[in-house]
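upload10.cif (mmCIF, C-alpha atoms)
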data_run
loop_
_atom_site.label_atom_id
_atom_site.label_comp_id
_atom_site.auth_asym_id
_atom_site.auth_seq_id
_atom_site.Cartn_x
_atom_site.Cartn_y
_atom_site.Cartn_z
CA MET A 1 -1.16 24.06 20.60
CA THR A 2 0.83 26.48 18.42
CA GLY A 3 0.61 30.23 18.86
CA ARG A 4 -1.45 30.52 15.67
CA ARG A 5 -3.86 27.87 16.94
CA HIS A 6 -4.10 29.67 20.30
CA GLU A 7 -4.91 32.86 18.41
CA ALA A 8 -7.57 31.12 16.32
CA ALA A 9 -9.12 29.53 19.39
CA GLY A 10 -9.14 32.85 21.19
CA MET A 11 -10.82 34.58 18.23
CA ALA A 12 -13.45 31.82 18.10
CA ILE A 13 -14.22 32.24 21.81
CA LEU A 14 -14.34 36.01 21.41
CA ALA A 15 -16.70 35.73 18.43
CA LEU A 16 -18.93 33.32 20.35
CA SER A 17 -18.99 35.70 23.33
CA LEU A 18 -19.98 38.61 21.11
CA VAL A 19 -22.78 36.59 19.48
CA VAL A 20 -24.17 35.47 22.83
CA ALA A 21 -23.92 38.96 24.28
CA GLY A 22 -25.51 40.47 21.20
CA CYS A 23 -28.47 38.07 21.36
CA SER A 24 -28.99 38.75 25.06
CA THR A 25 -29.00 42.52 24.61
CA SER A 26 -31.25 42.40 21.56
CA GLU A 27 -33.78 39.98 23.07
CA ALA A 28 -34.00 42.07 26.21
CA THR A 29 -35.29 45.04 24.18
CA ARG A 30 -37.56 43.11 21.73
CA SER A 31 -41.25 42.65 22.37
CA THR A 32 -42.77 39.26 23.11
CA GLY A 33 -44.55 39.36 19.77
CA GLU A 34 -41.30 39.98 17.91
CA LEU A 35 -39.65 37.06 19.67
CA GLU A 36 -42.58 34.75 18.88
CA THR A 37 -42.43 35.79 15.21
CA ALA A 38 -38.67 35.18 15.05
CA GLY A 39 -39.08 31.79 16.74
CA ALA A 40 -41.77 30.78 14.28
CA ALA A 41 -39.56 31.80 11.35
CA GLU A 42 -36.65 29.74 12.71
CA THR A 43 -38.95 26.73 13.18
CA THR A 44 -40.27 27.10 9.64
CA THR A 45 -36.73 27.27 8.24
CA ALA A 46 -35.66 24.18 10.19
CA THR A 47 -38.75 22.29 9.02
CA ALA A 48 -38.10 23.28 5.41
CA THR A 49 -34.46 22.16 5.69
CA ALA A 50 -35.49 18.80 7.15
CA ALA A 51 -38.12 18.34 4.46
CA GLY A 52 -35.58 19.16 1.77
CA ALA A 53 -33.11 16.63 3.17
CA THR A 54 -35.82 13.96 3.28
CA ALA A 55 -36.83 14.71 -0.31
CA THR A 56 -33.20 14.39 -1.41
CA ALA A 57 -32.84 11.11 0.47
CA GLU A 58 -35.99 9.70 -1.14
CA ARG A 59 -34.78 10.79 -4.58
CA LEU A 60 -31.46 9.02 -4.09
CA ALA A 61 -32.95 5.84 -2.60
CA GLY A 62 -32.59 2.67 -4.66
CA ARG A 63 -30.10 0.03 -5.75
CA TYR A 64 -26.77 1.06 -7.27
CA ALA A 65 -24.16 -1.02 -9.05
CA HIS A 66 -20.98 -0.40 -7.06
CA TYR A 67 -17.46 -0.14 -8.51
CA ASP A 68 -14.45 0.93 -6.50
CA VAL A 69 -10.68 0.79 -6.73
CA VAL A 70 -8.24 1.00 -3.83
CA ALA A 71 -4.60 1.69 -4.64
CA TYR A 72 -2.03 0.29 -2.20
CA GLU A 73 1.72 0.25 -2.11
CA SER A 74 4.43 -1.45 -0.09
CA ALA A 75 8.20 -1.38 -0.34
CA ASP A 76 8.12 -4.08 -3.02
CA MET A 77 4.84 -3.75 -4.89
CA LYS A 78 2.16 -1.39 -6.10
CA THR A 79 -1.30 -2.88 -6.42
CA LEU A 80 -4.94 -2.12 -7.16
CA ILE A 81 -7.90 -3.96 -5.66
CA ILE A 82 -10.97 -3.54 -7.87
CA SER A 83 -14.33 -4.43 -6.30
CA TYR A 84 -17.80 -4.84 -7.79
CA GLY A 85 -21.07 -5.14 -5.95
CA PHE A 86 -24.13 -3.17 -4.92
CA THR A 87 -24.97 -0.22 -2.71
CA ASP A 88 -28.58 -0.10 -1.54
CA LEU A 89 -29.74 3.31 -0.30
CA GLN A 90 -32.91 3.27 1.80
CA VAL A 91 -34.73 5.95 3.77
CA ASP A 92 -35.38 4.97 7.38
CA ASN A 93 -37.28 7.54 9.47
CA GLY A 94 -36.03 10.32 7.24
CA VAL A 95 -32.40 9.14 7.37
CA LEU A 96 -30.63 7.77 4.29
CA MET A 97 -29.00 4.43 5.07
CA ALA A 98 -26.38 2.66 2.92
CA GLN A 99 -26.04 -1.12 2.74
CA GLU A 100 -23.06 -2.51 0.82
CA SER A 101 -22.81 -6.01 -0.66
CA PHE A 102 -20.02 -7.36 -2.85
CA CYS A 103 -19.89 -9.79 -5.76
CA HIS A 104 -16.43 -9.89 -7.30
CA ALA A 105 -12.91 -8.52 -6.78
CA GLU A 106 -9.83 -8.36 -9.00
CA HIS A 107 -6.17 -7.54 -8.47
CA ARG A 108 -3.72 -5.54 -10.60
CA SER A 109 -0.02 -5.20 -9.79
CA ASP A 110 3.24 -3.77 -11.12
CA GLN A 111 4.84 -7.20 -10.56
CA PRO A 112 4.42 -10.41 -12.61
CA ILE A 113 2.36 -11.98 -9.82
CA GLU A 114 -1.26 -13.11 -10.14
CA THR A 115 -3.48 -13.14 -7.08
CA THR A 116 -7.14 -14.09 -7.10
CA ILE A 117 -9.88 -14.28 -4.51
CA SER A 118 -13.07 -16.26 -5.01
CA ASP A 119 -16.46 -14.64 -5.39
CA ALA A 120 -17.50 -16.65 -2.32
CA ALA A 121 -14.85 -14.86 -0.26
CA THR A 122 -15.75 -11.46 -1.72
CA SER A 123 -19.45 -11.91 -1.02
CA ALA A 124 -18.63 -12.87 2.59
CA ILE A 125 -17.80 -9.20 3.25
CA LYS A 126 -21.04 -7.97 4.81
CA PRO A 127 -20.76 -4.50 6.34
CA PRO A 128 -23.71 -3.34 8.45
CA SER A 129 -26.12 -0.73 7.20
CA VAL A 130 -25.01 2.77 8.14
CA ALA A 131 -26.44 6.29 8.04
CA VAL A 132 -24.82 8.54 5.45
CA THR A 133 -24.39 12.30 5.54
CA LEU A 134 -26.05 14.39 2.84
CA THR A 135 -24.90 17.92 2.03
CA GLU A 136 -25.08 20.32 -0.91
CA GLN A 137 -21.82 21.39 -2.52
CA ASP A 138 -21.64 23.68 -5.56
CA GLY A 139 -25.28 22.93 -6.30
CA ARG A 140 -24.72 19.16 -6.23
CA THR A 141 -25.62 16.58 -3.62
CA ARG A 142 -22.72 15.10 -1.70
CA LEU A 143 -23.00 11.78 0.15
CA GLN A 144 -20.47 10.63 2.75
CA ARG A 145 -20.44 7.07 4.08
CA PRO A 146 -18.48 6.52 7.32
CA GLU A 147 -16.40 3.40 7.87
CA THR A 148 -18.04 0.35 9.45
CA PRO A 149 -15.31 -2.02 10.67
CA THR A 150 -16.25 -5.54 9.55
CA GLY A 151 -14.46 -8.82 10.16
CA ILE A 152 -13.99 -11.35 7.38
CA GLY A 153 -12.40 -14.70 8.11
CA ILE A 154 -12.69 -13.86 11.79
CA ARG A 155 -15.47 -13.21 14.27
CA LEU A 156 -14.93 -10.05 16.32
CA GLU A 157 -17.14 -9.27 19.30
CA ASP A 158 -16.39 -5.58 18.87
CA PRO A 159 -15.35 -5.15 15.22
CA ALA A 160 -14.33 -1.53 15.73
CA HIS A 161 -12.01 -2.06 18.68
CA ASP A 162 -10.98 -5.72 19.07
CA VAL A 163 -7.32 -6.16 18.22
CA LEU A 164 -6.64 -8.68 15.47
CA PRO A 165 -4.91 -11.71 17.00
CA THR A 166 -1.32 -12.63 16.21
CA ASP A 167 -1.98 -16.35 16.70
CA PRO A 168 -3.13 -18.06 13.47
CA ASN A 169 -4.79 -20.70 15.67
CA ASP A 170 -7.05 -18.17 17.40
CA PRO A 171 -10.49 -19.83 17.79
CA ARG A 172 -12.23 -16.76 16.37
CA ILE A 173 -10.82 -17.42 12.89
CA THR A 174 -13.55 -18.78 10.60
CA ASP A 175 -13.81 -20.32 7.15
CA ASP A 176 -15.95 -17.60 5.60
CA ASP A 177 -15.52 -18.75 1.99
CA ASN A 178 -16.43 -22.35 2.93
CA ASP A 179 -13.46 -23.98 1.22
CA GLY A 180 -12.35 -26.01 4.23
CA LYS A 181 -9.36 -23.74 4.98
CA PRO A 182 -8.94 -21.12 7.71
CA GLY A 183 -9.96 -17.53 7.07
CA ILE A 184 -10.43 -16.68 3.42
CA THR A 185 -8.20 -18.01 0.66
CA VAL A 186 -6.10 -15.95 -1.74
CA SER A 187 -4.58 -17.87 -4.66
CA ILE A 188 -1.09 -16.76 -5.73
CA LYS A 189 0.76 -17.52 -8.95
CA VAL A 190 4.33 -16.34 -9.46
CA SER A 191 5.05 -18.81 -12.28
CA ASP A 192 3.81 -22.20 -13.45
CA ALA A 193 6.29 -23.79 -11.07
CA LEU A 194 5.57 -21.48 -8.13
CA GLN A 195 1.99 -21.06 -7.06
CA GLY A 196 -0.07 -21.68 -3.96
CA GLU A 197 -2.48 -20.20 -1.43
CA LEU A 198 -2.46 -17.68 1.38
CA TYR A 199 -5.05 -17.78 4.17
CA ILE A 200 -5.99 -14.47 5.73
CA ALA A 201 -8.38 -12.78 8.15
CA ARG A 202 -9.21 -9.11 7.75
CA ARG A 203 -10.93 -6.17 9.33
CA GLU A 204 -12.47 -4.22 6.47
CA ARG A 205 -12.48 -0.48 7.17
CA PHE A 206 -13.53 1.66 4.24
CA ALA A 207 -15.42 4.90 3.80
CA TYR A 208 -16.35 6.88 0.72
CA ASP A 209 -17.26 10.40 -0.33
CA VAL A 210 -19.31 10.79 -3.53
CA THR A 211 -21.07 13.58 -5.38
CA GLU A 212 -23.82 13.49 -7.99
CA GLU A 213 -22.27 13.77 -11.42
CA ALA A 214 -23.97 13.08 -14.76
CA GLY A 215 -26.52 10.76 -13.21
CA GLN A 216 -23.98 8.82 -11.13
CA LEU A 217 -22.51 9.13 -7.66
CA VAL A 218 -18.77 9.59 -8.16
CA GLY A 219 -15.96 10.10 -5.67
CA THR A 220 -13.17 8.43 -3.75
CA VAL A 221 -12.64 5.62 -1.23
CA THR A 222 -10.59 5.79 1.95
CA ASP A 223 -9.41 2.40 3.20
CA LYS A 224 -7.72 1.54 6.51
CA SER A 225 -8.28 -2.23 6.47
CA GLU A 226 -6.10 -4.53 8.54
CA GLN A 227 -4.96 -8.05 7.67
CA LEU A 228 -3.72 -11.13 9.51
CA ILE A 229 -2.01 -14.05 7.76
CA VAL A 230 -3.32 -17.25 9.32
CA GLY A 231 -1.50 -19.75 7.09
CA ALA A 232 -0.18 -20.60 3.64
CA SER A 233 0.35 -23.61 1.42
CA ASP A 234 4.04 -22.64 1.25
CA PRO A 235 5.87 -20.63 3.97
CA MET A 236 7.51 -18.45 1.31
CA PHE A 237 4.13 -16.79 0.66
CA VAL A 238 4.01 -15.52 4.22
CA THR A 239 5.13 -11.90 4.44
CA ASP A 240 4.36 -9.16 6.91
CA ALA A 241 5.12 -6.31 4.52
CA PRO A 242 2.78 -3.45 5.48
CA TRP A 243 0.28 -2.26 2.88
CA VAL A 244 -0.70 1.40 2.89
CA GLN A 245 -3.27 3.12 0.72
CA VAL A 246 -1.71 5.55 -1.74
CA PRO A 247 -2.31 9.07 -0.33
CA ASP A 248 -3.49 10.39 -3.71
CA LEU A 249 -7.16 9.42 -3.45
CA SER A 250 -7.72 10.07 -7.17
CA LYS A 251 -6.15 6.63 -7.61
CA SER A 252 -8.92 5.14 -5.42
CA PRO A 253 -12.13 6.08 -7.26
CA ILE A 254 -15.68 4.87 -6.66
CA VAL A 255 -18.68 4.99 -9.02
CA LEU A 256 -22.27 4.17 -8.08
CA GLU A 257 -24.71 3.67 -10.97
CA LYS A 258 -28.44 3.36 -10.24
CA VAL A 259 -29.88 0.08 -11.51
CA SER A 260 -32.99 -2.04 -11.16
CA ASP A 261 -33.84 -3.32 -7.70
CA GLN A 262 -33.84 -6.82 -9.20
CA SER A 263 -30.19 -6.60 -10.32
CA ASP A 264 -27.98 -9.33 -8.84
CA CYS A 265 -24.38 -10.53 -9.00
CA GLU A 266 -24.98 -12.64 -12.10
CA TRP A 267 -26.45 -9.63 -13.90
CA LEU A 268 -23.55 -7.44 -12.74
CA ALA A 269 -20.96 -9.93 -14.01
CA ALA A 270 -22.44 -9.58 -17.50
CA GLN A 271 -22.83 -5.80 -17.36
CA ARG A 272 -19.86 -4.45 -15.41
CA ALA A 273 -17.67 -3.71 -18.46
CA ASP A 274 -20.50 -1.73 -20.09
CA LEU A 275 -21.23 0.10 -16.85
CA PHE A 276 -17.69 0.90 -15.71
CA GLY A 277 -15.30 0.13 -18.57
CA GLU A 278 -12.13 -1.92 -18.32
CA PRO A 279 -10.36 -2.09 -14.93
CA PRO A 280 -7.42 0.29 -14.54
CA VAL A 281 -3.76 -0.74 -14.42
CA VAL A 282 -1.02 0.38 -12.06
CA GLY A 283 0.26 3.59 -13.59
CA TRP A 284 2.14 5.53 -10.94
#

Write out the structure in this file as structure tokens.
Amino acid sequence: MTGRRHEAAGMAILALSLVVAGCSTSEATRSTGELETAGAAETTTATATAAGATATAERLAGRYAHYDVVAYESADMKTLIISYGFTDLQVDNGVLMAQESFCHAEHRSDQPIETTISDAATSAIKPPSVAVTLTEQDGRTRLQRPETPTGIGIRLEDPAHDVLPTDPNDPRITDDDNDGKPGITVSIKVSDALQGELYIARRERFAYDVTEEAGQLVGTVTDKSEQLIVGASDPMFVTDAPWVQVPDLSKSPIVLEKVSDQSDCEWLAAQRADLFGEPPVVGW
């Protein structure tokens, strides 16, 4: 710990000591009636805060069309992964829960390479429902979703902690897009003469932080997903180049737009351009 951190820690302990001491001295000289009144006021404040949080959660509950972009870069390529789907917010015992489901994903790159992933593979990403954190910031509601590690193309007993295997023949690898090939399939086209498939397994690890803005929930995505190559139609497509999310999170935006509870992937395919505009291009 640096000297400045030691100083900060010491000041925090000193402040805590003074607060505790102050409360003890004050309470020793206050009447029982005063203490009961103060306790009742604190309880009322806590109840009001809880009620306000529940009211906010109930107001936000519903189905949202989900659009997010994650910007990655490696030594050889810059790329964007654009995802479309739904976020369902539901109140459970006063807690706002988020359930993500995905419909379609697209790829943009600074290289003349086309990669595609089927909607079947995209929809196989099924993160568990998770409690989100609600706060007020500058008079607006802020919602933070924590990451929920989720395997795709592989079955993990403990998705948060199991290490991805290095053996492409690991028995946990599954055909989640049901195309008869291991893992999930990514189609690659370099040219008419050079194209093929890459088979991968992934641990999806994403979180987001959004704020109410003009009737939408708008913010940024943080992604720490991991990937294992389990095979390819041509060995030249196999590369272990590490992909890292671009640190500038403004390049990884997310928008949630409230829609009808009956909205589905077919509806979203027809409406996504009107809802979210044209997908971005690599511009950094």

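CA of Tyr84 (chain A) is positioned 5.7 Å from CA of Cys103 (chain A).
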
Leaving out Pro279 (chain A) and any residue of its chain fewer than 4 positions from it, which residues lie within 10 Å of it when counting only C-alpha atoms, given as a PyMOL selection string? chain A and resi 67-69+80-83+106-108+272-273

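Between CA of Val132 (chain A) and CA of Gly215 (chain A) the separation is 18.9 Å.
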
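Counting only C-alpha atoms, the residue from A:Val210, A:Leu198, A:Phe102, A:Gly85 that sits nearest to Thr116 (chain A) is A:Leu198.
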
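Put simply, the PyMOL selection byres ((chain A and resi 185) around 10) in this file takes in Thr116, Ile117, Ser118, Ala120, Ala121, Gly153, Asp175, Asp176, Asp177, Asn178, Asp179, Gly180, Lys181, Pro182, Gly183, Ile184, Val186, Ser187, Ile188, Glu197, Leu198, Tyr199, Ile200, Ala201, Val230, Gly231 and Ala232 of chain A.
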
Would you write out those residues with C-alpha atoms, as a compact mmCIF listing (two decimals), in the frame of the given file?
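Okay, this is what ended up in result11.txt:
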# COMPACT_ATOMS: atom_id res chain seq x y z
CA THR A 116 -7.14 -14.09 -7.10
CA ILE A 117 -9.88 -14.28 -4.51
CA SER A 118 -13.07 -16.26 -5.01
CA ALA A 120 -17.50 -16.65 -2.32
CA ALA A 121 -14.85 -14.86 -0.26
CA GLY A 153 -12.40 -14.70 8.11
CA ASP A 175 -13.81 -20.32 7.15
CA ASP A 176 -15.95 -17.60 5.60
CA ASP A 177 -15.52 -18.75 1.99
CA ASN A 178 -16.43 -22.35 2.93
CA ASP A 179 -13.46 -23.98 1.22
CA GLY A 180 -12.35 -26.01 4.23
CA LYS A 181 -9.36 -23.74 4.98
CA PRO A 182 -8.94 -21.12 7.71
CA GLY A 183 -9.96 -17.53 7.07
CA ILE A 184 -10.43 -16.68 3.42
CA VAL A 186 -6.10 -15.95 -1.74
CA SER A 187 -4.58 -17.87 -4.66
CA ILE A 188 -1.09 -16.76 -5.73
CA GLU A 197 -2.48 -20.20 -1.43
CA LEU A 198 -2.46 -17.68 1.38
CA TYR A 199 -5.05 -17.78 4.17
CA ILE A 200 -5.99 -14.47 5.73
CA ALA A 201 -8.38 -12.78 8.15
CA VAL A 230 -3.32 -17.25 9.32
CA GLY A 231 -1.50 -19.75 7.09
CA ALA A 232 -0.18 -20.60 3.64

Please, could N, CA and C atoms be added to region 113-143 of chain A and the result written as an mmCIF file, in the coordinates of the input?
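The resulting file, out.cif, is reproduced below:
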data_model
loop_
_atom_site.group_PDB
_atom_site.id
_atom_site.type_symbol
_atom_site.label_atom_id
_atom_site.label_comp_id
_atom_site.auth_asym_id
_atom_site.auth_seq_id
_atom_site.Cartn_x
_atom_site.Cartn_y
_atom_site.Cartn_z
ATOM 1 N N ILE A 113 2.964 -11.079 -10.798
ATOM 2 C CA ILE A 113 2.360 -11.980 -9.820
ATOM 3 C C ILE A 113 0.855 -11.909 -9.976
ATOM 4 N N GLU A 114 0.192 -13.047 -10.048
ATOM 5 C CA GLU A 114 -1.260 -13.110 -10.140
ATOM 6 C C GLU A 114 -1.832 -13.525 -8.801
ATOM 7 N N THR A 115 -2.758 -12.747 -8.286
ATOM 8 C CA THR A 115 -3.480 -13.140 -7.080
ATOM 9 C C THR A 115 -4.968 -13.069 -7.366
ATOM 10 N N THR A 116 -5.698 -14.058 -6.886
ATOM 11 C CA THR A 116 -7.140 -14.090 -7.100
ATOM 12 C C THR A 116 -7.831 -14.453 -5.782
ATOM 13 N N ILE A 117 -9.046 -13.966 -5.652
ATOM 14 C CA ILE A 117 -9.880 -14.280 -4.510
ATOM 15 C C ILE A 117 -11.236 -14.705 -5.051
ATOM 16 N N SER A 118 -11.819 -15.723 -4.482
ATOM 17 C CA SER A 118 -13.070 -16.260 -5.010
ATOM 18 C C SER A 118 -14.228 -15.302 -4.766
ATOM 19 N N ASP A 119 -15.252 -15.432 -5.594
ATOM 20 C CA ASP A 119 -16.460 -14.640 -5.390
ATOM 21 C C ASP A 119 -17.114 -14.994 -4.055
ATOM 22 N N ALA A 120 -16.951 -16.248 -3.614
ATOM 23 C CA ALA A 120 -17.500 -16.650 -2.320
ATOM 24 C C ALA A 120 -16.857 -15.854 -1.190
ATOM 25 N N ALA A 121 -15.539 -15.643 -1.285
ATOM 26 C CA ALA A 121 -14.850 -14.860 -0.260
ATOM 27 C C ALA A 121 -15.253 -13.392 -0.338
ATOM 28 N N THR A 122 -15.364 -12.867 -1.558
ATOM 29 C CA THR A 122 -15.750 -11.460 -1.720
ATOM 30 C C THR A 122 -17.145 -11.207 -1.175
ATOM 31 N N SER A 123 -18.072 -12.105 -1.469
ATOM 32 C CA SER A 123 -19.450 -11.910 -1.020
ATOM 33 C C SER A 123 -19.602 -12.129 0.484
ATOM 34 N N ALA A 124 -18.572 -12.690 1.136
ATOM 35 C CA ALA A 124 -18.630 -12.870 2.590
ATOM 36 C C ALA A 124 -18.392 -11.557 3.335
ATOM 37 N N ILE A 125 -17.959 -10.520 2.631
ATOM 38 C CA ILE A 125 -17.800 -9.200 3.250
ATOM 39 C C ILE A 125 -19.188 -8.581 3.369
ATOM 40 N N LYS A 126 -19.664 -8.439 4.598
ATOM 41 C CA LYS A 126 -21.040 -7.970 4.810
ATOM 42 C C LYS A 126 -21.058 -6.845 5.834
ATOM 43 N N PRO A 127 -20.725 -5.634 5.412
ATOM 44 C CA PRO A 127 -20.760 -4.500 6.340
ATOM 45 C C PRO A 127 -22.193 -4.224 6.799
ATOM 46 N N PRO A 128 -22.360 -3.701 7.996
ATOM 47 C CA PRO A 128 -23.710 -3.340 8.450
ATOM 48 C C PRO A 128 -24.220 -2.097 7.732
ATOM 49 N N SER A 129 -25.526 -1.941 7.741
ATOM 50 C CA SER A 129 -26.120 -0.730 7.200
ATOM 51 C C SER A 129 -25.698 0.456 8.057
ATOM 52 N N VAL A 130 -25.486 1.598 7.411
ATOM 53 C CA VAL A 130 -25.010 2.770 8.140
ATOM 54 C C VAL A 130 -25.649 4.038 7.578
ATOM 55 N N ALA A 131 -25.899 5.002 8.465
ATOM 56 C CA ALA A 131 -26.440 6.290 8.040
ATOM 57 C C ALA A 131 -25.375 7.085 7.308
ATOM 58 N N VAL A 132 -25.755 7.708 6.207
ATOM 59 C CA VAL A 132 -24.820 8.540 5.450
ATOM 60 C C VAL A 132 -25.169 10.012 5.657
ATOM 61 N N THR A 133 -24.206 10.861 5.392
ATOM 62 C CA THR A 133 -24.390 12.300 5.540
ATOM 63 C C THR A 133 -24.654 12.911 4.173
ATOM 64 N N LEU A 134 -25.703 13.705 4.082
ATOM 65 C CA LEU A 134 -26.050 14.390 2.840
ATOM 66 C C LEU A 134 -25.819 15.890 3.005
ATOM 67 N N THR A 135 -25.108 16.487 2.047
ATOM 68 C CA THR A 135 -24.900 17.920 2.030
ATOM 69 C C THR A 135 -25.002 18.410 0.581
ATOM 70 N N GLU A 136 -25.100 19.719 0.414
ATOM 71 C CA GLU A 136 -25.080 20.320 -0.910
ATOM 72 C C GLU A 136 -23.758 21.032 -1.103
ATOM 73 N N GLN A 137 -23.102 20.764 -2.224
ATOM 74 C CA GLN A 137 -21.820 21.390 -2.520
ATOM 75 C C GLN A 137 -21.802 21.827 -3.974
ATOM 76 N N ASP A 138 -21.649 23.116 -4.195
ATOM 77 C CA ASP A 138 -21.640 23.680 -5.560
ATOM 78 C C ASP A 138 -22.877 23.268 -6.337
ATOM 79 N N GLY A 139 -24.022 23.255 -5.634
ATOM 80 C CA GLY A 139 -25.280 22.930 -6.300
ATOM 81 C C GLY A 139 -25.483 21.452 -6.558
ATOM 82 N N ARG A 140 -24.594 20.604 -6.043
ATOM 83 C CA ARG A 140 -24.720 19.160 -6.230
ATOM 84 C C ARG A 140 -24.800 18.466 -4.878
ATOM 85 N N THR A 141 -25.481 17.335 -4.862
ATOM 86 C CA THR A 141 -25.620 16.580 -3.620
ATOM 87 C C THR A 141 -24.367 15.762 -3.358
ATOM 88 N N ARG A 142 -23.893 15.851 -2.129
ATOM 89 C CA ARG A 142 -22.720 15.100 -1.700
ATOM 90 C C ARG A 142 -23.138 14.075 -0.646
ATOM 91 N N LEU A 143 -22.647 12.866 -0.767
ATOM 92 C CA LEU A 143 -23.000 11.780 0.150
ATOM 93 C C LEU A 143 -21.713 11.218 0.745
#
